[in-house]
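Below is one structure, written out as C-alpha cells, with a few remarks after it.
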Amino acid sequence: SEWQRDDDYFQLDISIPVNCRATVYLPAIKAEDVTEDGKNIENSENIKLIKIENGQAILSVGSGRYLFESSF
C-alpha cells in the first residue's frame with residue numbers, strides 16, 4: 001500500500017491478495033467524496049460501502065489493485 005494526503009485530499013493505492021477481502025477506511029463526509037480510479041464506487045461489484053461514520057467511509061473491498069481518492 002501507498003498513500004498521500006494534502007489539506008483536503010487523500011489518495012490510497014492498495015493491492016488485496018487473491019481470494020481475500022479487506023475493510024478499508026478513507027476520510028470522507030459522504031459517499032460521493034470517494035472514487036476508485038476516477039470512478040464512482042457505487043457502481044463497482046468489488047467495492048461495497050459499509051457506512052459513513054465519524055468522517056470516514058468504511059468499505060469492503062475484494063481482491064485486486066485499487067487507487068482510491070477522497071476529499072473531506
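Starting from 1 in every chain, residues are counted up; chains themselves are A, B, ... following the order of the C-alpha cells, and ligands are numbered from 1 as listed.
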Review point. How would you write, as a ChimeraX atom specification, the set of residues in segment 14-70 of chain A that DSSP gives as strand (DSSP E)?
Key: /A:14-27,34-36,39-40,47-53,56-70
Exercise for review: Compare A:Thr35, A:Asn40, A:Ser63, A:Gln56 by their minimum atom-to-atom distance to Ile14 of chain A, counting only C-alpha atoms, and give me the closest one.
Suggested key: A:Ser63
Point to revise | atom CA of Val61 of chain A to atom CA of Thr23 of chain A, distance in Å rounded to a single decimal | key: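 Result for atom CA of Val61 of chain A versus atom CA of Thr23 of chain A: 6.3 Å, one decimal.
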Study note, to complete from the structure: Using only C-alpha atoms, the shortest atom-to-atom distance to Pro17 of chain A among A:Ser71, A:Ser1, A:Asn54, A:Ser44 belongs to A:Ser1
Review point. Hey, which of A:Leu59, A:Asp33, A:Asp6, A:Arg21 ends up closest to Phe72 of chain A? Count only C-alpha atoms.
Key: A:Asp33
